[in-house]
file coords_25.txt (compact mmCIF, C-alpha atoms and all ligand atoms)
# COMPACT_ATOMS: atom_id res chain seq x y z
CA MET R 99 33.32 -21.32 16.08
CA ASN R 100 30.65 -18.86 17.05
CA ALA R 101 30.19 -18.81 20.81
CA LYS R 102 26.78 -17.19 20.37
CA LEU R 103 25.56 -20.40 18.77
CA ASP R 104 25.44 -21.89 22.23
CA ALA R 105 22.65 -19.49 23.06
CA GLY R 106 20.43 -21.30 20.55
CA LEU R 107 19.32 -20.26 17.07
CA THR R 108 16.34 -18.26 18.30
CA THR R 109 18.20 -16.13 20.80
CA ARG R 110 21.49 -15.59 18.97
CA ASN R 111 22.87 -12.07 19.05
CA VAL R 112 22.12 -10.25 15.77
CA THR R 113 22.70 -6.68 14.65
CA ARG R 114 22.08 -4.52 11.60
CA ASP R 115 25.45 -5.78 10.28
CA THR R 116 24.02 -9.30 10.14
CA PHE R 117 21.69 -8.05 7.40
CA ASP R 118 24.64 -7.20 5.19
CA GLU R 119 26.14 -10.64 5.81
CA VAL R 120 23.20 -13.00 5.24
CA LEU R 121 20.29 -11.24 3.51
CA VAL R 122 20.00 -10.93 -0.25
CA PRO R 123 20.77 -7.22 -0.59
CA THR R 124 17.41 -6.11 -2.03
CA TYR R 125 16.98 -3.45 0.65
CA ALA R 126 19.06 -0.92 2.54
CA PRO R 127 17.28 -0.88 5.91
CA ALA R 128 17.81 1.79 8.55
CA ALA R 129 20.72 1.55 10.95
CA MET R 130 18.43 0.85 13.88
CA VAL R 131 16.67 -2.49 14.32
CA PRO R 132 13.15 -2.24 15.80
CA VAL R 133 12.46 -4.85 18.46
CA ARG R 134 9.17 -3.86 20.02
CA ALA R 135 6.20 -1.68 19.13
CA SER R 136 2.77 -0.71 20.38
CA GLY R 137 0.33 1.61 18.64
CA LEU R 138 2.55 4.27 17.01
CA ASP R 139 5.34 3.78 19.54
CA LEU R 140 8.38 1.76 18.58
CA TRP R 141 11.69 0.88 20.28
CA ASP R 142 14.98 -0.21 18.78
CA GLN R 143 17.63 -2.61 20.08
CA ALA R 144 19.19 0.17 22.17
CA GLY R 145 15.84 0.98 23.77
CA LYS R 146 15.50 4.27 21.90
CA HIS R 147 11.89 5.37 21.30
CA TYR R 148 10.42 6.41 17.94
CA LEU R 149 7.07 7.79 16.89
CA ASP R 150 6.12 5.74 13.83
CA PHE R 151 4.56 7.76 11.00
CA THR R 152 5.19 5.01 8.43
CA SER R 153 2.90 2.17 9.60
CA GLY R 154 5.32 -0.12 7.77
CA ILE R 155 4.32 1.58 4.48
CA ALA R 156 0.62 2.06 5.21
CA VAL R 157 0.19 -1.41 6.70
CA THR R 158 -0.25 -1.27 10.49
CA SER R 159 -3.21 1.10 10.28
CA LEU R 160 -4.65 0.01 13.62
CA GLY R 161 -1.28 0.37 15.30
CA HIS R 162 1.47 -2.07 16.11
CA CYS R 163 0.42 -5.10 18.16
CA ASN R 164 -3.17 -3.88 18.25
CA PRO R 165 -4.60 -5.62 21.36
CA ALA R 166 -7.98 -6.54 19.85
CA LEU R 167 -6.31 -8.02 16.77
CA ALA R 168 -3.77 -9.83 18.94
CA ASP R 169 -6.61 -11.35 20.98
CA ALA R 170 -8.54 -12.45 17.91
CA LEU R 171 -5.42 -13.93 16.34
CA THR R 172 -4.44 -15.71 19.55
CA GLN R 173 -7.87 -17.30 19.83
CA GLN R 174 -7.69 -18.49 16.23
CA ILE R 175 -4.14 -19.75 16.74
CA HIS R 176 -5.51 -22.26 19.23
CA LYS R 177 -8.28 -23.40 16.86
CA VAL R 178 -6.80 -24.03 13.40
CA TRP R 179 -3.95 -22.45 11.40
CA HIS R 180 -4.13 -23.94 7.98
CA LEU R 181 -6.30 -26.25 5.91
CA GLY R 182 -5.37 -26.04 2.25
CA ASN R 183 -7.73 -25.36 -0.62
CA GLY R 184 -9.52 -28.67 -0.31
CA TYR R 185 -11.43 -27.06 2.57
CA THR R 186 -12.86 -23.65 3.26
CA ASN R 187 -12.98 -22.08 6.73
CA GLU R 188 -15.46 -19.99 8.69
CA GLN R 189 -13.18 -16.98 8.97
CA VAL R 190 -12.58 -16.58 5.25
CA LEU R 191 -16.31 -16.96 4.58
CA ARG R 192 -17.04 -14.20 7.10
CA LEU R 193 -14.33 -12.02 5.59
CA ALA R 194 -15.69 -12.45 2.07
CA LEU R 195 -19.19 -11.57 3.31
CA ALA R 196 -17.86 -8.45 5.05
CA LEU R 197 -15.90 -7.23 2.03
CA THR R 198 -18.64 -7.89 -0.50
CA GLU R 199 -21.29 -6.27 1.71
CA ALA R 200 -19.09 -3.20 2.14
CA THR R 201 -18.16 -2.72 -1.53
CA PHE R 202 -19.41 -2.95 -5.13
CA ALA R 203 -18.07 -6.49 -5.30
CA ASP R 204 -19.95 -9.78 -5.17
CA ARG R 205 -16.94 -12.06 -4.82
CA ALA R 206 -13.48 -12.15 -3.31
CA PHE R 207 -10.28 -14.06 -4.03
CA PHE R 208 -7.65 -14.15 -1.28
CA CYS R 209 -3.89 -14.31 -1.57
CA ASN R 210 -0.92 -13.09 0.45
CA SER R 211 0.29 -9.78 -0.94
CA GLY R 212 -0.51 -6.82 -3.13
CA ALA R 213 1.49 -8.16 -6.04
CA GLU R 214 -0.45 -11.42 -5.93
CA ALA R 215 -3.77 -9.59 -5.77
CA ASN R 216 -2.79 -7.63 -8.90
CA GLU R 217 -1.45 -10.74 -10.57
CA ALA R 218 -4.86 -12.37 -10.00
CA ALA R 219 -6.68 -9.28 -11.31
CA LEU R 220 -4.57 -9.09 -14.47
CA LYS R 221 -4.86 -12.81 -15.18
CA LEU R 222 -8.61 -12.62 -14.63
CA ALA R 223 -8.87 -9.69 -17.04
CA ARG R 224 -7.03 -11.69 -19.72
CA LYS R 225 -9.25 -14.74 -19.16
CA TYR R 226 -12.40 -12.65 -19.24
CA ALA R 227 -11.47 -10.81 -22.42
CA HIS R 228 -10.30 -13.94 -24.22
CA ALA R 229 -13.52 -15.76 -23.40
CA LYS R 230 -15.78 -12.84 -24.28
CA PHE R 231 -13.99 -11.13 -27.16
CA GLY R 232 -11.19 -13.44 -28.35
CA GLU R 233 -7.45 -13.71 -27.91
CA SER R 234 -6.57 -10.46 -29.66
CA LYS R 235 -8.03 -8.48 -26.76
CA SER R 236 -5.03 -8.78 -24.48
CA ARG R 237 -3.37 -5.38 -24.09
CA ILE R 238 -3.04 -3.98 -20.57
CA VAL R 239 -2.85 -0.23 -20.04
CA SER R 240 -1.26 1.22 -16.92
CA CYS R 241 0.24 4.50 -15.82
CA LEU R 242 3.77 5.80 -15.73
CA SER R 243 5.12 6.09 -12.18
CA SER R 244 2.61 3.51 -11.01
CA PHE R 245 3.52 0.63 -8.72
CA HIS R 246 1.71 -2.69 -8.77
CA GLY R 247 4.15 -5.14 -7.17
CA ARG R 248 7.31 -7.07 -7.94
CA THR R 249 6.33 -10.28 -9.73
CA LEU R 250 7.53 -10.20 -13.33
CA PHE R 251 4.01 -9.51 -14.63
CA THR R 252 3.08 -6.83 -12.07
CA VAL R 253 6.45 -5.09 -12.18
CA SER R 254 6.23 -4.95 -15.97
CA VAL R 255 2.74 -3.48 -15.74
CA GLY R 256 4.07 -0.96 -13.20
CA GLY R 257 5.28 2.29 -14.67
CA GLN R 258 8.82 2.48 -13.30
CA PRO R 259 11.37 1.27 -15.86
CA LYS R 260 14.13 1.17 -13.23
CA TYR R 261 12.36 -1.81 -11.63
CA THR R 262 12.29 -3.90 -14.83
CA GLU R 263 15.86 -3.21 -15.98
CA GLY R 264 17.77 -6.44 -16.38
CA PHE R 265 14.70 -8.67 -16.11
CA GLU R 266 13.92 -8.78 -19.82
CA PRO R 267 12.28 -10.30 -21.75
CA LEU R 268 9.18 -8.72 -20.23
CA PRO R 269 5.61 -9.85 -20.91
CA PRO R 270 4.27 -8.31 -24.14
CA GLN R 271 1.09 -6.33 -24.80
CA LEU R 272 1.60 -3.70 -22.09
CA SER R 273 1.23 0.06 -22.60
CA HIS R 274 2.10 2.87 -20.21
CA ILE R 275 0.46 6.27 -20.24
CA PRO R 276 0.98 9.44 -18.20
CA TYR R 277 -1.18 9.61 -15.06
CA ASN R 278 -4.10 12.05 -14.94
CA ASP R 279 -3.87 12.65 -18.72
CA ILE R 280 -7.32 12.05 -20.22
CA GLU R 281 -6.27 12.46 -23.85
CA ALA R 282 -3.44 9.96 -23.50
CA ALA R 283 -5.91 7.50 -21.99
CA ARG R 284 -8.43 8.07 -24.79
CA ALA R 285 -5.73 7.31 -27.37
CA ALA R 286 -4.37 4.23 -25.54
CA ILE R 287 -7.62 2.49 -24.60
CA THR R 288 -8.39 0.84 -27.92
CA GLU R 289 -10.38 -2.26 -28.85
CA ASP R 290 -7.43 -4.58 -28.12
CA VAL R 291 -7.25 -3.50 -24.46
CA CYS R 292 -8.46 -6.06 -21.91
CA ALA R 293 -7.70 -4.06 -18.77
CA VAL R 294 -6.75 -0.67 -17.43
CA ILE R 295 -5.09 -0.79 -14.03
CA VAL R 296 -4.69 2.36 -11.98
CA GLU R 297 -4.04 3.50 -8.43
CA PRO R 298 -6.75 5.99 -7.37
CA ILE R 299 -3.85 7.72 -5.60
CA GLN R 300 -0.34 6.93 -6.77
CA GLY R 301 1.57 5.96 -3.63
CA GLU R 302 5.13 4.93 -4.51
CA GLY R 303 5.05 7.29 -7.48
CA GLY R 304 5.02 10.35 -5.21
CA VAL R 305 1.60 10.45 -3.49
CA ILE R 306 -0.31 11.86 -6.46
CA PRO R 307 -4.11 11.87 -6.13
CA GLY R 308 -6.04 10.70 -9.17
CA ASP R 309 -8.21 13.40 -10.59
CA PRO R 310 -11.89 12.29 -10.25
CA GLU R 311 -12.49 13.51 -13.82
CA TYR R 312 -9.60 11.37 -15.00
CA LEU R 313 -10.87 8.26 -13.22
CA LYS R 314 -14.36 8.91 -14.64
CA ALA R 315 -12.86 9.15 -18.11
CA LEU R 316 -11.07 5.82 -17.63
CA ARG R 317 -14.42 4.30 -16.62
CA GLU R 318 -16.02 5.68 -19.77
CA PHE R 319 -13.23 4.45 -22.10
CA CYS R 320 -13.32 1.00 -20.49
CA ASP R 321 -17.09 0.79 -20.89
CA LYS R 322 -16.77 1.77 -24.55
CA THR R 323 -14.14 -0.82 -25.37
CA GLY R 324 -15.14 -3.65 -23.02
CA ALA R 325 -11.91 -3.37 -21.03
CA LEU R 326 -12.00 -4.04 -17.30
CA LEU R 327 -11.14 -1.17 -14.97
CA ILE R 328 -8.91 -2.39 -12.15
CA PHE R 329 -8.28 -0.14 -9.16
CA ASP R 330 -5.13 -1.04 -7.30
CA GLU R 331 -6.08 -0.04 -3.76
CA VAL R 332 -3.27 -1.94 -2.09
CA GLN R 333 -2.02 1.31 -0.54
CA SER R 334 -5.08 3.58 -0.76
CA GLY R 335 -7.61 1.10 0.63
CA VAL R 336 -8.84 -0.02 4.04
CA GLY R 337 -9.53 3.42 5.48
CA ARG R 338 -6.29 5.13 4.46
CA THR R 339 -8.07 7.99 2.64
CA GLY R 340 -10.89 8.32 5.16
CA GLU R 341 -13.13 6.11 2.99
CA LEU R 342 -13.14 2.33 3.32
CA PHE R 343 -11.74 2.29 -0.23
CA ALA R 344 -10.58 5.36 -2.12
CA TYR R 345 -12.95 4.72 -5.05
CA MET R 346 -15.84 5.55 -2.75
CA GLY R 347 -14.59 9.12 -2.50
CA LYS R 348 -13.95 9.46 -6.24
CA GLY R 349 -17.41 8.62 -7.56
CA VAL R 350 -16.04 5.91 -9.86
CA THR R 351 -16.61 2.18 -9.41
CA PRO R 352 -14.05 -0.26 -10.80
CA ASP R 353 -14.74 -3.76 -12.13
CA VAL R 354 -11.95 -5.24 -10.05
CA LEU R 355 -10.35 -3.92 -6.88
CA THR R 356 -7.18 -5.15 -5.24
CA SER R 357 -6.31 -4.79 -1.57
CA ALA R 358 -3.46 -5.89 0.71
CA LYS R 359 -1.16 -3.90 3.03
CA ALA R 360 -3.50 -2.58 5.76
CA LEU R 361 -6.00 -5.40 5.20
CA GLY R 362 -3.90 -7.59 7.52
CA ASN R 363 -2.40 -4.83 9.69
CA GLY R 364 0.92 -6.63 9.24
CA TYR R 365 -0.37 -10.18 8.93
CA PRO R 366 0.14 -11.04 5.24
CA ILE R 367 -3.07 -11.10 3.20
CA GLY R 368 -4.18 -9.77 -0.17
CA ALA R 369 -7.60 -9.70 -1.79
CA MET R 370 -9.05 -9.27 -5.23
CA LEU R 371 -12.68 -8.16 -5.31
CA THR R 372 -14.93 -8.29 -8.35
CA THR R 373 -18.45 -8.84 -9.65
CA ASN R 374 -20.28 -12.13 -10.21
CA GLU R 375 -20.12 -11.88 -13.98
CA ILE R 376 -16.36 -11.36 -14.08
CA ALA R 377 -15.54 -13.77 -11.25
CA HIS R 378 -17.14 -16.65 -13.13
CA HIS R 379 -14.35 -16.54 -15.69
CA PHE R 380 -12.06 -18.03 -13.06
CA GLY R 381 -13.28 -21.62 -12.69
CA VAL R 382 -12.10 -24.41 -10.44
CA GLY R 383 -8.37 -24.91 -10.93
CA THR R 384 -7.66 -21.79 -13.01
CA HIS R 385 -5.89 -19.85 -10.29
CA GLY R 386 -4.88 -20.33 -6.67
CA THR R 387 -2.36 -20.10 -3.86
CA THR R 388 -1.61 -22.31 -0.87
CA TYR R 389 -1.92 -19.75 1.90
CA GLY R 390 -4.58 -17.44 0.46
CA GLY R 391 -7.38 -16.79 2.92
CA ASN R 392 -6.05 -19.10 5.60
CA PRO R 393 -7.87 -18.85 8.95
CA LEU R 394 -5.17 -16.77 10.64
CA ALA R 395 -4.95 -14.09 7.95
CA ALA R 396 -8.72 -14.07 7.51
CA THR R 397 -9.27 -13.60 11.25
CA VAL R 398 -7.04 -10.55 11.36
CA ALA R 399 -8.51 -9.01 8.20
CA LEU R 400 -12.06 -9.59 9.41
CA ASN R 401 -11.34 -7.71 12.62
CA VAL R 402 -9.55 -4.95 10.70
CA ILE R 403 -12.55 -4.41 8.40
CA GLU R 404 -14.98 -4.52 11.28
CA THR R 405 -13.02 -1.83 13.13
CA ILE R 406 -12.25 0.49 10.22
CA ASN R 407 -15.57 0.34 8.38
CA GLN R 408 -17.38 2.47 10.97
CA PRO R 409 -18.51 6.03 10.22
CA ALA R 410 -16.96 7.41 13.43
CA PHE R 411 -13.63 5.72 12.74
CA LEU R 412 -13.47 7.03 9.17
CA ALA R 413 -14.58 10.50 10.26
CA ARG R 414 -11.68 10.60 12.71
CA VAL R 415 -9.25 9.67 9.90
CA LYS R 416 -10.45 12.74 8.00
CA GLU R 417 -10.14 14.91 11.11
CA ALA R 418 -6.59 13.70 11.78
CA SER R 419 -5.80 14.27 8.11
CA ALA R 420 -7.03 17.88 8.26
CA ARG R 421 -4.81 18.50 11.27
CA ILE R 422 -1.71 17.13 9.58
CA PHE R 423 -2.45 19.03 6.35
CA ALA R 424 -2.82 22.25 8.38
CA ASN R 425 0.52 21.63 10.12
CA LEU R 426 2.29 20.83 6.87
CA ASP R 427 0.77 23.83 5.08
CA LYS R 428 2.18 25.97 7.86
CA LEU R 429 5.53 24.20 7.58
CA THR R 430 5.73 24.85 3.83
CA ALA R 431 4.71 28.48 4.38
CA ASP R 432 7.50 28.80 6.96
CA PHE R 433 10.09 27.05 4.76
CA PRO R 434 9.15 27.66 1.12
CA GLN R 435 12.81 27.12 0.17
CA LEU R 436 12.47 23.51 1.37
CA PHE R 437 8.97 22.28 0.57
CA GLY R 438 6.33 22.55 -2.14
CA LYS R 439 2.57 22.12 -1.89
CA VAL R 440 1.36 19.29 0.34
CA ARG R 441 -0.79 16.68 -1.40
CA GLY R 442 -2.52 13.38 -0.79
CA SER R 443 -5.71 12.13 0.75
CA GLY R 444 -6.65 11.12 4.27
CA LEU R 445 -3.54 9.84 6.01
CA LEU R 446 -1.56 9.19 2.85
CA ILE R 447 0.29 12.46 2.55
CA GLY R 448 3.13 13.67 0.35
CA LEU R 449 5.37 16.61 1.14
CA PRO R 450 7.27 17.40 -2.07
CA LEU R 451 10.67 19.06 -1.83
CA ALA R 452 11.18 22.49 -3.37
CA GLU R 453 13.48 22.88 -6.37
CA GLY R 454 16.66 23.68 -4.44
CA PHE R 455 16.15 20.76 -2.07
CA LYS R 456 15.29 18.05 -4.61
CA GLY R 457 16.80 14.62 -4.07
CA ARG R 458 17.05 15.06 -0.31
CA ALA R 459 13.87 13.36 0.94
CA LYS R 460 15.94 10.55 2.46
CA ASP R 461 18.25 13.08 4.20
CA PHE R 462 15.19 14.63 5.77
CA THR R 463 13.65 11.36 6.95
CA LYS R 464 17.05 10.35 8.37
CA ALA R 465 17.25 13.63 10.29
CA CYS R 466 13.75 12.96 11.65
CA GLU R 467 14.65 9.39 12.56
CA ALA R 468 17.66 10.60 14.55
CA LEU R 469 15.22 12.74 16.54
CA GLY R 470 12.78 9.85 17.03
CA LEU R 471 10.27 10.22 14.19
CA MET R 472 9.92 7.61 11.46
CA LEU R 473 8.76 8.88 8.06
CA LEU R 474 8.70 7.45 4.54
CA ILE R 475 9.79 8.77 1.21
CA ALA R 476 7.99 8.34 -2.13
CA GLY R 477 10.86 8.69 -4.56
CA PRO R 478 13.88 10.94 -3.92
CA ASP R 479 11.88 14.18 -3.96
CA VAL R 480 8.86 13.47 -1.77
CA VAL R 481 8.57 12.91 1.98
CA ARG R 482 5.62 10.62 2.68
CA LEU R 483 3.58 10.46 5.87
CA ALA R 484 1.39 7.42 6.50
CA PRO R 485 0.75 7.20 10.24
CA ALA R 486 -1.56 4.60 11.70
CA LEU R 487 -5.19 5.68 11.34
CA ILE R 488 -5.46 5.73 15.14
CA VAL R 489 -2.92 8.58 15.41
CA SER R 490 -3.78 10.97 18.26
CA ASP R 491 -3.74 14.78 18.24
CA GLU R 492 -0.76 14.72 20.62
CA GLN R 493 1.17 12.44 18.28
CA ILE R 494 0.35 14.73 15.35
CA ALA R 495 1.66 17.72 17.33
CA ARG R 496 4.78 15.80 18.37
CA ALA R 497 5.54 14.81 14.76
CA ASP R 498 5.23 18.44 13.70
CA GLN R 499 7.63 19.47 16.45
CA ILE R 500 10.21 16.84 15.48
CA MET R 501 9.98 17.75 11.79
CA ARG R 502 10.73 21.37 12.70
CA GLU R 503 13.69 20.29 14.83
CA ALA R 504 14.95 18.17 11.93
CA ILE R 505 14.69 21.17 9.61
CA ASP R 506 16.72 23.23 12.07
CA ALA R 507 19.33 20.50 12.27
CA MET R 508 19.53 20.18 8.50
CA LEU R 509 19.65 23.89 7.79
CA ASN R 510 22.29 24.52 10.45
CA ASP R 511 24.54 21.48 10.20
CA ALA R 512 24.39 19.97 6.80
CA PRO R 513 25.74 21.86 3.82
CA ALA R 514 23.32 21.57 0.89
CA LYS R 515 24.54 19.00 -1.62
C1 LIG Q 601 2.74 -2.01 -1.96
C2 LIG Q 601 1.97 -1.97 -3.21
C3 LIG Q 601 1.85 -3.11 -4.03
C4 LIG Q 601 2.60 -4.38 -3.78
O1 LIG Q 601 2.19 -5.01 -2.62
P1 LIG Q 601 3.09 -6.21 -2.02
O2 LIG Q 601 2.30 -6.68 -0.85
O3 LIG Q 601 4.41 -5.61 -1.68
O4 LIG Q 601 3.23 -7.22 -3.08
C5 LIG Q 601 1.01 -3.02 -5.13
N1 LIG Q 601 0.36 -1.90 -5.42
C6 LIG Q 601 0.45 -0.79 -4.66
C7 LIG Q 601 -0.34 0.42 -5.03
C8 LIG Q 601 1.27 -0.78 -3.54
O5 LIG Q 601 1.40 0.33 -2.81

call {"tool": "encode", "arguments": {"input": "coords_25.txt", "output": "structure tokens", "more": "lines below"}}
Ligand SMILES: *Cc1c(COP(=O)(O)O)cnc(C)c1O
result
Amino acid sequence: MNAKLDAGLTTRNVTRDTFDEVLVPTYAPAAMVPVRASGLDLWDQAGKHYLDFTSGIAVTSLGHCNPALADALTQQIHKVWHLGNGYTNEQVLRLALALTEATFADRAFFCNSGAEANEAALKLARKYAHAKFGESKSRIVSCLSSFHGRTLFTVSVGGQPKYTEGFEPLPPQLSHIPYNDIEAARAAITEDVCAVIVEPIQGEGGVIPGDPEYLKALREFCDKTGALLIFDEVQSGVGRTGELFAYMGKGVTPDVLTSAKALGNGYPIGAMLTTNEIAHHFGVGTHGTTYGGNPLAATVALNVIETINQPAFLARVKEASARIFANLDKLTADFPQLFGKVRGSGLLIGLPLAEGFKGRAKDFTKACEALGLMLLIAGPDVVRLAPALIVSDEQIARADQIMREAIDAMLNDAPAK
């Protein structure tokens, strides 16, 4: 029937329309289909070039197809791919050493995504509290507008009701409080709370930095009540803020930290980090996953950590960040009718839309994409920039130029909705 079948399954002709025919429609991807990428450069099926300021949502922090990572992965590919949990492997041992040496943590658990890392953290918090204080200590406190993943547990803990609609019944004993509101936290963190989970910078919720005073208050309330403080650093971690993990710049140490996204630079891996005392509440057989910490993922993550956790590398992230902030401050000063005050940390940056332009973040990123710049949104009212941490000064200047061209195009062509 389909002549293209003769070409073989792996080389069959596919287009963006194929997505609408055979994928479960959980996403509405862009019209262009990327086929090749290197660093921050990306090309679509038609050969058109884009400058990528998304990093696949803060994932490919060392650039697409990073040559050193590709070499390391290729070498490992010819050694061993997978073993199963009946065996450990050298790469995951090295990765756990690197992460525990670099952070507050003594122990690591590996999985394959941010949601799974949070799932592990939340389950561990329940187990810990039940063993230490009894079963009534089971409430989990999280923040409105937060995002912690899409499993039923993590999406219910997340603070965006639109993502849980239709999936009821939801797990009980969850409370949501406004972000950066110390009094609300004081009231919510009672004796029955086993864990408080928070993003040090809310990513999906609009790129909203956590107030250091707020995070310190959460630490204090958790210490008072015996609740565990979990920092979800799936988006903010691995150099994104100019620190290896964002907590290091906030002066607050969590009990449990979760990482994923940039940890694998696009190779799926997640991690939950914690202390000896807490980790021991997960015994043999209490939690696990088939792929977690397999030699391929561990090899990539090990090389990512080795590259990013260098003072010069992190200093450059801050320098690049200052440049982009300066450009965006100028942009908002030039177009106050379009944009509000720039916010964020390091290379996780939010450009909120001004009142009269609200709801049009996607229109703006589409206009940029047409001109060859890929950007993200964080909700309908915030444009989000998350370029690879290796972004050059020229690329920063080029992005600024394209954003200005996109503004011209939007102001001249498109009537405001
Ligand atoms: C992306 C994200 C997650 C979910 O990670 P997945 O790998 O998609 O499961 C969790 N928390 C935060 C803060 C995130 O940004």

call {"tool": "closest_residue", "arguments": {"input": "coords_25.txt", "among": "R:Ala282, R:Ala170, R:Ile155, R:Leu412", "to": "ligand LIG 601 (chain Q)", "atoms": "all atoms listed in the file"}}
result
R:Ile155

call {"tool": "closest_residue", "arguments": {"input": "coords_25.txt", "among": "R:Val133, R:Leu445, R:Leu197, R:Met508", "to": "Ala486 in chain R", "atoms": "all atoms listed in the file"}}
result
R:Leu445

call {"tool": "residues_near_ligand", "arguments": {"input": "coords_25.txt", "ligand": "ligand LIG 601 (chain Q)", "cutoff": "10 Å", "atoms": "all atoms listed in the file", "output": "PyMOL selection string"}}
result
chain R and resi 155-157+209-217+244-249+252-253+256+296-303+329-335+356-360+366-368

call {"tool": "atom_distance", "arguments": {"input": "coords_25.txt", "atom1": "CA of Arg421 in chain R", "atom2": "CA of Gly442 in chain R"}}
result
13.3 Å

call {"tool": "closest_residue", "arguments": {"input": "coords_25.txt", "among": "R:Leu167, R:Leu140, R:Val291, R:Ala344", "to": "Asp309 in chain R", "atoms": "only C-alpha atoms"}}
result
R:Ala344

call {"tool": "residues_around", "arguments": {"input": "coords_25.txt", "residues": "Ala285 in chain R", "least_positions_apart": "6", "cutoff": "12 Å", "atoms": "all atoms listed in the file", "output": "number ranges by chain"}}
result
R: 239, 273-276, 279, 291, 315-316, 319, 323

call {"tool": "closest_residue", "arguments": {"input": "coords_25.txt", "among": "R:Glu281, R:Asp461, R:Asp498, R:Glu453", "to": "Leu426 in chain R", "atoms": "all atoms listed in the file"}}
result
R:Asp498

call {"tool": "residues_around", "arguments": {"input": "coords_25.txt", "residues": "Gln174 in chain R", "least_positions_apart": "5", "cutoff": "9 Å", "atoms": "only C-alpha atoms", "output": "VMD selection string"}}
result
chain R and resid 169 179 393 to 394 397

call {"tool": "atom_distance", "arguments": {"input": "coords_25.txt", "atom1": "CA of Gly444 in chain R", "atom2": "CA of Arg134 in chain R"}}
result
26.9 Å

call {"tool": "closest_residue", "arguments": {"input": "coords_25.txt", "among": "R:Asn187, R:Ser159, R:Thr387, R:Thr201", "to": "Gly340 in chain R", "atoms": "all atoms listed in the file"}}
result
R:Ser159

call {"tool": "residues_around", "arguments": {"input": "coords_25.txt", "residues": "Ala223 in chain R", "least_positions_apart": "3", "cutoff": "7 Å", "atoms": "all atoms listed in the file", "output": "ChimeraX atom specification"}}
result
/R:219-220,226-227,292-293,326

call {"tool": "residues_around", "arguments": {"input": "coords_25.txt", "residues": "Pro165 in chain R", "least_positions_apart": "4", "cutoff": "12 Å", "atoms": "all atoms listed in the file", "output": "PyMOL selection string"}}
result
chain R and resi 135-137+160-161+169-172+363+398+401-402

call {"tool": "write_last_selection", "arguments": {"input": "coords_25.txt", "atoms": "C-alpha atoms", "output": "mmCIF file, in the coordinates of the input"}}
result
data_model
loop_
_atom_site.group_PDB
_atom_site.id
_atom_site.type_symbol
_atom_site.label_atom_id
_atom_site.label_comp_id
_atom_site.auth_asym_id
_atom_site.auth_seq_id
_atom_site.Cartn_x
_atom_site.Cartn_y
_atom_site.Cartn_z
ATOM 1 C CA ALA R 135 6.200 -1.680 19.130
ATOM 2 C CA SER R 136 2.770 -0.710 20.380
ATOM 3 C CA GLY R 137 0.330 1.610 18.640
ATOM 4 C CA LEU R 160 -4.650 0.010 13.620
ATOM 5 C CA GLY R 161 -1.280 0.370 15.300
ATOM 6 C CA ASP R 169 -6.610 -11.350 20.980
ATOM 7 C CA ALA R 170 -8.540 -12.450 17.910
ATOM 8 C CA LEU R 171 -5.420 -13.930 16.340
ATOM 9 C CA THR R 172 -4.440 -15.710 19.550
ATOM 10 C CA ASN R 363 -2.400 -4.830 9.690
ATOM 11 C CA VAL R 398 -7.040 -10.550 11.360
ATOM 12 C CA ASN R 401 -11.340 -7.710 12.620
ATOM 13 C CA VAL R 402 -9.550 -4.950 10.700
#

call {"tool": "closest_residue", "arguments": {"input": "coords_25.txt", "among": "R:Glu266, R:Glu311, R:Asp427, R:Asp321", "to": "Thr288 in chain R", "atoms": "only C-alpha atoms"}}
result
R:Asp321

call {"tool": "atom_distance", "arguments": {"input": "coords_25.txt", "atom1": "CA of Asp142 in chain R", "atom2": "CA of Met130 in chain R"}}
result
6.1 Å

call {"tool": "residues_around", "arguments": {"input": "coords_25.txt", "residues": "Glu318 in chain R", "least_positions_apart": "3", "cutoff": "12 Å", "atoms": "only C-alpha atoms", "output": "PDB file with C-alpha atoms, in the coordinates of the input"}}
result
ATOM      1  CA  ILE R 280      -7.320  12.050 -20.220  1.00  0.00           C
ATOM      2  CA  ALA R 283      -5.910   7.500 -21.990  1.00  0.00           C
ATOM      3  CA  ARG R 284      -8.430   8.070 -24.790  1.00  0.00           C
ATOM      4  CA  ILE R 287      -7.620   2.490 -24.600  1.00  0.00           C
ATOM      5  CA  VAL R 294      -6.750  -0.670 -17.430  1.00  0.00           C
ATOM      6  CA  GLU R 311     -12.490  13.510 -13.820  1.00  0.00           C
ATOM      7  CA  TYR R 312      -9.600  11.370 -15.000  1.00  0.00           C
ATOM      8  CA  LEU R 313     -10.870   8.260 -13.220  1.00  0.00           C
ATOM      9  CA  LYS R 314     -14.360   8.910 -14.640  1.00  0.00           C
ATOM     10  CA  ALA R 315     -12.860   9.150 -18.110  1.00  0.00           C
ATOM     11  CA  ASP R 321     -17.090   0.790 -20.890  1.00  0.00           C
ATOM     12  CA  LYS R 322     -16.770   1.770 -24.550  1.00  0.00           C
ATOM     13  CA  THR R 323     -14.140  -0.820 -25.370  1.00  0.00           C
ATOM     14  CA  GLY R 324     -15.140  -3.650 -23.020  1.00  0.00           C
ATOM     15  CA  ALA R 325     -11.910  -3.370 -21.030  1.00  0.00           C
ATOM     16  CA  LEU R 326     -12.000  -4.040 -17.300  1.00  0.00           C
ATOM     17  CA  LEU R 327     -11.140  -1.170 -14.970  1.00  0.00           C
ATOM     18  CA  VAL R 350     -16.040   5.910  -9.860  1.00  0.00           C
ATOM     19  CA  THR R 351     -16.610   2.180  -9.410  1.00  0.00           C
ATOM     20  CA  PRO R 352     -14.050  -0.260 -10.800  1.00  0.00           C
TER      21      PRO R 352
END
